[in-house]
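Peer 1: Take a look at target25.cif, mmCIF, C-alpha atoms:
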data_my_file
loop_
_atom_site.label_atom_id
_atom_site.label_comp_id
_atom_site.auth_asym_id
_atom_site.auth_seq_id
_atom_site.Cartn_x
_atom_site.Cartn_y
_atom_site.Cartn_z
CA MET A 1 0.00 0.00 0.00
CA VAL A 2 2.95 2.32 0.63
CA SER A 3 4.07 2.09 -3.00
CA TYR A 4 0.52 2.77 -4.20
CA ASN A 5 0.21 5.88 -2.00
CA GLU A 6 3.62 6.99 -3.20
CA GLY A 7 2.34 6.53 -6.74
CA LEU A 8 -0.68 8.71 -6.03
CA ASP A 9 1.57 11.40 -4.57
CA LYS A 10 3.77 11.34 -7.67
CA PHE A 11 0.70 11.26 -9.91
CA PHE A 12 -0.86 14.34 -8.30
CA ARG A 13 2.48 16.12 -8.65
CA LYS A 14 2.34 15.23 -12.38
CA ASP A 15 5.47 13.11 -12.05
CA TYR A 16 3.92 10.41 -14.19
CA LYS A 17 7.07 8.35 -14.85
CA ASP A 18 7.79 7.90 -11.15
CA ALA A 19 4.08 7.31 -10.51
CA ILE A 20 4.17 4.48 -13.05
CA SER A 21 7.16 2.96 -11.23
CA ALA A 22 5.38 3.13 -7.88
CA PHE A 23 2.13 1.69 -9.28
CA SER A 24 4.16 -1.07 -10.98
CA TRP A 25 5.69 -1.95 -7.62
CA ALA A 26 2.22 -2.10 -6.04
CA ILE A 27 1.08 -4.38 -8.88
CA LYS A 28 4.12 -6.60 -8.35
CA ILE A 29 3.07 -7.01 -4.72
CA ASP A 30 -0.62 -7.58 -5.58
CA SER A 31 -1.44 -8.35 -9.22
CA GLY A 32 -5.14 -7.91 -8.48
CA PHE A 33 -4.79 -4.33 -7.20
CA LEU A 34 -7.45 -2.70 -9.37
CA GLN A 35 -6.70 0.94 -8.54
CA ALA A 36 -3.00 0.47 -9.26
CA TRP A 37 -3.79 -0.86 -12.74
CA GLU A 38 -6.26 1.95 -13.41
CA ASN A 39 -4.01 4.73 -12.16
CA ARG A 40 -0.96 3.36 -13.95
CA GLY A 41 -3.07 3.38 -17.10
CA VAL A 42 -4.04 7.00 -16.51
CA ALA A 43 -0.40 7.98 -15.94
CA LYS A 44 0.58 6.24 -19.19
CA TYR A 45 -2.27 8.03 -20.95
CA TYR A 46 -0.97 11.41 -19.75
CA LEU A 47 2.46 10.47 -21.13
CA LYS A 48 0.72 9.67 -24.44
CA ASP A 49 1.55 5.98 -24.12
CA PHE A 50 -1.95 5.13 -25.29
CA ARG A 51 -1.23 1.47 -26.10
CA GLY A 52 0.33 0.98 -22.67
CA ALA A 53 -2.69 2.64 -21.08
CA ILE A 54 -5.02 0.35 -23.04
CA ASP A 55 -3.08 -2.69 -21.81
CA ASP A 56 -3.49 -1.56 -18.19
CA TYR A 57 -7.18 -0.73 -18.67
CA ASP A 58 -7.71 -4.18 -20.20
CA ILE A 59 -6.37 -5.81 -17.04
CA ALA A 60 -8.36 -3.46 -14.80
CA LEU A 61 -11.52 -4.42 -16.72
CA LYS A 62 -10.76 -8.11 -16.26
CA ILE A 63 -10.62 -7.46 -12.52
CA ASN A 64 -13.77 -5.31 -12.55
CA PRO A 65 -15.75 -5.55 -15.81
CA ASP A 66 -18.41 -3.16 -14.46
CA ASP A 67 -16.14 -0.10 -14.14
CA HIS A 68 -17.74 2.23 -16.65
CA ASN A 69 -15.20 5.01 -16.14
CA THR A 70 -12.40 2.66 -17.16
CA TYR A 71 -14.30 1.87 -20.37
CA GLY A 72 -14.48 5.61 -20.97
CA ARG A 73 -10.76 6.08 -20.32
CA ARG A 74 -9.91 3.19 -22.62
CA GLY A 75 -12.25 4.72 -25.22
CA TRP A 76 -10.22 7.94 -25.21
CA ALA A 77 -6.95 6.00 -25.51
CA LYS A 78 -8.35 4.05 -28.47
CA PHE A 79 -9.57 7.29 -30.01
CA TYR A 80 -6.05 8.74 -29.92
CA ILE A 81 -4.55 5.70 -31.67
CA HIS A 82 -7.34 6.01 -34.29
CA ASP A 83 -9.15 2.83 -33.27
CA PHE A 84 -12.46 4.58 -33.77
CA PRO A 85 -14.68 1.46 -33.82
CA GLY A 86 -13.05 0.32 -30.56
CA ALA A 87 -13.51 3.79 -29.07
CA ILE A 88 -17.20 3.77 -30.02
CA ASP A 89 -17.66 0.38 -28.33
CA ASP A 90 -15.94 1.53 -25.14
CA PHE A 91 -17.75 4.88 -25.02
CA SER A 92 -21.05 3.03 -25.47
CA ARG A 93 -20.20 0.78 -22.50
CA ALA A 94 -19.26 3.83 -20.42
CA ILE A 95 -22.46 5.64 -21.35
CA GLY A 96 -24.52 2.70 -20.17
CA GLY A 97 -23.45 2.97 -16.56
CA ILE A 98 -22.70 6.58 -15.74
CA LEU A 99 -25.26 9.25 -14.94
CA ASN A 100 -23.15 12.21 -16.12
CA ASN A 101 -21.79 10.73 -19.30
CA SER A 102 -21.72 13.79 -21.56
CA GLN A 103 -17.96 13.48 -22.09
CA TYR A 104 -18.45 9.96 -23.44
CA TYR A 105 -21.21 11.07 -25.80
CA ILE A 106 -18.79 13.72 -27.08
CA GLY A 107 -16.04 11.12 -27.54
CA ARG A 108 -18.37 8.70 -29.28
CA GLY A 109 -19.68 11.50 -31.48
CA GLN A 110 -16.15 12.49 -32.47
CA ALA A 111 -15.30 8.86 -33.27
CA HIS A 112 -18.45 8.60 -35.43
CA TYR A 113 -17.41 11.82 -37.15
CA ARG A 114 -13.94 10.42 -37.90
CA LEU A 115 -15.55 7.34 -39.45
CA GLY A 116 -17.89 9.47 -41.59
CA ASN A 117 -20.99 8.44 -39.62
CA TYR A 118 -22.25 12.02 -39.52
CA GLN A 119 -25.85 11.30 -38.53
CA SER A 120 -24.70 9.21 -35.56
CA ALA A 121 -22.30 11.99 -34.61
CA ILE A 122 -25.07 14.59 -34.84
CA SER A 123 -27.27 12.40 -32.64
CA ASP A 124 -24.60 12.10 -29.90
CA PHE A 125 -23.79 15.82 -29.93
CA SER A 126 -27.50 16.72 -29.89
CA ARG A 127 -27.96 14.56 -26.81
CA VAL A 128 -25.27 16.49 -24.96
CA ILE A 129 -26.84 19.81 -25.96
CA ARG A 130 -30.34 18.74 -24.87
CA GLN A 131 -29.51 16.95 -21.65
CA TRP A 132 -26.59 18.72 -20.03
CA THR A 133 -27.57 22.35 -20.05
CA GLY A 134 -25.36 23.14 -17.06
CA TYR A 135 -22.09 21.83 -18.56
CA ARG A 136 -21.00 24.86 -20.58
CA VAL A 137 -17.70 23.31 -21.70
CA HIS A 138 -19.36 20.14 -22.97
CA ARG A 139 -22.17 22.05 -24.66
CA ARG A 140 -19.82 24.35 -26.58
CA ILE A 141 -17.77 21.36 -27.75
CA ALA A 142 -20.97 19.57 -28.77
CA TYR A 143 -22.25 22.59 -30.72
CA PHE A 144 -18.90 22.90 -32.50
CA TRP A 145 -18.66 19.24 -33.48
CA ARG A 146 -22.33 18.99 -34.41
CA GLY A 147 -21.71 21.94 -36.71
CA MET A 148 -18.75 20.11 -38.24
CA ALA A 149 -20.89 17.02 -38.86
CA LYS A 150 -23.61 19.17 -40.38
CA VAL A 151 -21.07 20.75 -42.75
CA LYS A 152 -20.04 17.27 -43.88
CA SER A 153 -23.74 16.41 -44.32
CA GLY A 154 -24.32 19.49 -46.48
CA GLN A 155 -26.38 21.34 -43.85
CA ILE A 156 -24.37 24.57 -43.97
CA GLU A 157 -27.08 26.90 -42.62
CA ASN A 158 -27.76 24.63 -39.64
CA ALA A 159 -24.02 24.23 -39.12
CA CYS A 160 -23.63 28.01 -38.96
CA ARG A 161 -26.23 28.21 -36.20
CA ASP A 162 -24.25 25.66 -34.21
CA PHE A 163 -20.95 27.46 -34.83
CA HIS A 164 -22.50 30.72 -33.60
CA LYS A 165 -23.80 28.99 -30.45
CA ALA A 166 -20.38 27.44 -29.84
CA SER A 167 -18.75 30.83 -30.31
CA ASN A 168 -21.22 32.49 -27.92
CA LEU A 169 -20.28 29.86 -25.33
CA GLY A 170 -16.59 30.75 -25.75
CA TYR A 171 -15.35 28.13 -28.23
CA GLY A 172 -12.86 30.20 -30.22
CA MET A 173 -12.28 27.70 -33.02
CA ALA A 174 -15.91 28.20 -34.04
CA ASP A 175 -15.09 31.77 -35.08
CA GLU A 176 -12.73 30.49 -37.78
CA LEU A 177 -15.43 28.23 -39.19
CA ILE A 178 -17.96 31.04 -39.08
CA ASP A 179 -15.56 33.03 -41.26
CA ILE A 180 -15.10 30.12 -43.65
CA TYR A 181 -18.62 28.69 -43.98
CA CYS A 182 -21.09 31.23 -42.71
CA GLN A 183 -19.82 34.25 -44.59
CA GLN A 184 -20.10 32.23 -47.82
CA ALA A 185 -23.59 31.01 -46.90
CA ALA A 186 -24.73 34.55 -46.08
CA ALA A 187 -23.40 35.79 -49.44
CA GLY A 188 -25.32 33.01 -51.20
CA LEU A 189 -22.24 31.34 -52.60
#
What is this structure when it is put down as C-alpha cells?

Peer 2:
Amino acid sequence: MVSYNEGLDKFFRKDYKDAISAFSWAIKIDSGFLQAWENRGVAKYYLKDFRGAIDDYDIALKINPDDHNTYGRRGWAKFYIHDFPGAIDDFSRAIGGILNNSQYYIGRGQAHYRLGNYQSAISDFSRVIRQWTGYRVHRRIAYFWRGMAKVKSGQIENACRDFHKASNLGYGMADELIDIYCQQAAAGL
C-alpha cells in the first residue's frame, strides 16, 4: 500500500514516470490491485503511451468488468490511436453505466465523425446539448462538433447556427469556421 500511495503522490504532482514505477511496484506485490492498474493506465495516458494505457485498462476491466469510467478512459486512448470502432464500443459501454456521461457522448460523437458516420455523430452531440444544459464546456464542444458534422452532411445553414452557439459559449475555433462557412452562406455562394 505504501508504493501505491507513493504513486498517487507522484501522480498528483504530475510526475507520471515515477508514478508508473510506484504503481508497478504495487502491482508486483498484488497483481489484483485494481486501482494500481487503473491509475498506472491514466499515468501512461498522460504520457501519451496510449497502447500501454489500453493494456493496463484491459487488465483493470478483467478485474472489474463493471467499471464504466475505465471503459471511458480506454475509449479515449483508443480514439487517440485512431481505433475509432473500438472507441465507439468503449464509449457506449461507459455511457450505459454513468449518470453524467456527456464526455463519453462527445467522444463517441467524435469517433463517429472520424468514421464518416455524420448522422450518428449529430445524434450524440445533440444529446449532450439537450440533456446537459449546465455543462457549458461540454455544450460548446458539442455545438462545434455537431456543426462540423452538419457541414459534412451538407447542412451549412444549420451548421452556422451551431458554430455561432459554440462561439457564444466561448469556443474560439468556431469563429474560424464562421468566417469560412457562414460568410459564404450569407453571401449566397

Peer 1: Decode the PyMOL selection byres ((chain A and resi 23) around 12) for the given file into explicit residues and return them as a VMD selection string.

Peer 2: chain A and resid 1 to 11 16 to 22 24 to 31 33 to 44 56

Peer 1: To one decimal place, how far is CA of Ile54 in chain A from CA of Trp145 in chain A in Å?

Peer 2: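 CA of Ile54 in chain A sits 25.5 Å away from CA of Trp145 in chain A.
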
Peer 1: To test the calculation: enclose all listed atoms of range 75-79 of chain A in a box whose edges run along x, y and z, add 4 Å on each side, then state centre and edge lengths in Å to one decimal, as lines of an AutoDock Vina configuration file.

Peer 2:
center_x = -9.6
center_y = 6.0
center_z = -27.6
size_x = 13.3
size_y = 11.9
size_z = 12.8

Peer 1: Please evaluate the PyMOL selection byres ((chain A and resi 95-101) around 9) against the structure above and give the resulting residues as a ChimeraX atom specification.

Peer 2: /A:66-69,72,90-94,102-106,128,132

Peer 1: May I have the residues within 10 Å of Lys48 in chain A as number ranges by chain, using all atoms listed in the file and disregarding those fewer than 6 positions away in the same chain?

Peer 2: A: 42, 77, 80-81

Peer 1: Pick from A:Leu169, A:Ala159, A:Ile59, A:Leu47: nearest to Arg136 in chain A, with only C-alpha atoms counted?

Peer 2: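 Under the stated criterion, the closest residue is A:Leu169.
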
Peer 1: Name all residues at most 8 Å from Ile129 in chain A (count only C-alpha atoms; drop same-chain ones fewer than 5 positions away) and give them as a list in words.

Peer 2: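 The filter keeps Arg139, Ala142 and Tyr143 of chain A.
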
Peer 1: Expanded to explicit residues, what is the PyMOL selection byres ((chain A and resi 116) around 12) for this file, as a list in words?

Peer 2: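 Taken over the shown coordinates, the PyMOL selection byres ((chain A and resi 116) around 12) returns Phe84, Pro85, Gly109, Gln110, Ala111, His112, Tyr113, Arg114, Leu115, Asn117, Tyr118, Gln119, Ser120, Ala121, Ile122, Met148, Ala149, Lys150, Val151, Lys152 and Ser153 of chain A.
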
Peer 1: Please list as a list in words every residue within 6 Å of Ala87 in chain A, counting only C-alpha atoms and excluding residues in the same chain fewer than 6 positions away.

Peer 2: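 Neighbouring residues, sequence-local ones excluded: Gly75, Lys78 and Phe79 of chain A.
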
Peer 1: Report, in Å to a single decimal, how far apart CA of Arg127 in chain A and CA of Ile88 in chain A are.

Peer 2: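 About the pair CA of Ile88 in chain A and CA of Arg127 in chain A: they are 15.6 Å apart.
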
Peer 1: For the atom pair CA of Cys182 in chain A and CA of Arg108 in chain A, what is the interatomic distance in Å to one decimal place?

Peer 2: 26.4 Å

Peer 1: Out of A:Trp76, A:Glu176, A:Arg161, A:Arg140, which residue has the shortest atom-to-atom distance to Tyr45 in chain A when counting all atoms listed in the file?

Peer 2: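 The closest residue to Tyr45 in chain A is A:Trp76.
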
Peer 1: Go through A:Gly86, A:Gly32, A:Asp15, A:Val137 one by one, measure the shortest atom-to-atom distance of each to Lys62 in chain A using all atoms listed in the file, and give the residue with the smallest value.

Peer 2: A:Gly32

Peer 1: Name the closest residue to His82 in chain A among the candidates A:Lys165, A:Phe50, A:Leu61, A:Gln155; distances are taken between atoms, counting all atoms listed in the file.

Peer 2: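 Among the listed residues, A:Phe50 lies closest to His82 in chain A.
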
Peer 1: Any idea what's packed within 9 Å of Ser167 in chain A, counting only C-alpha atoms, ignoring anything in its chain fewer than 4 positions away? Could you give it as a count of residues only?

Peer 2: 11
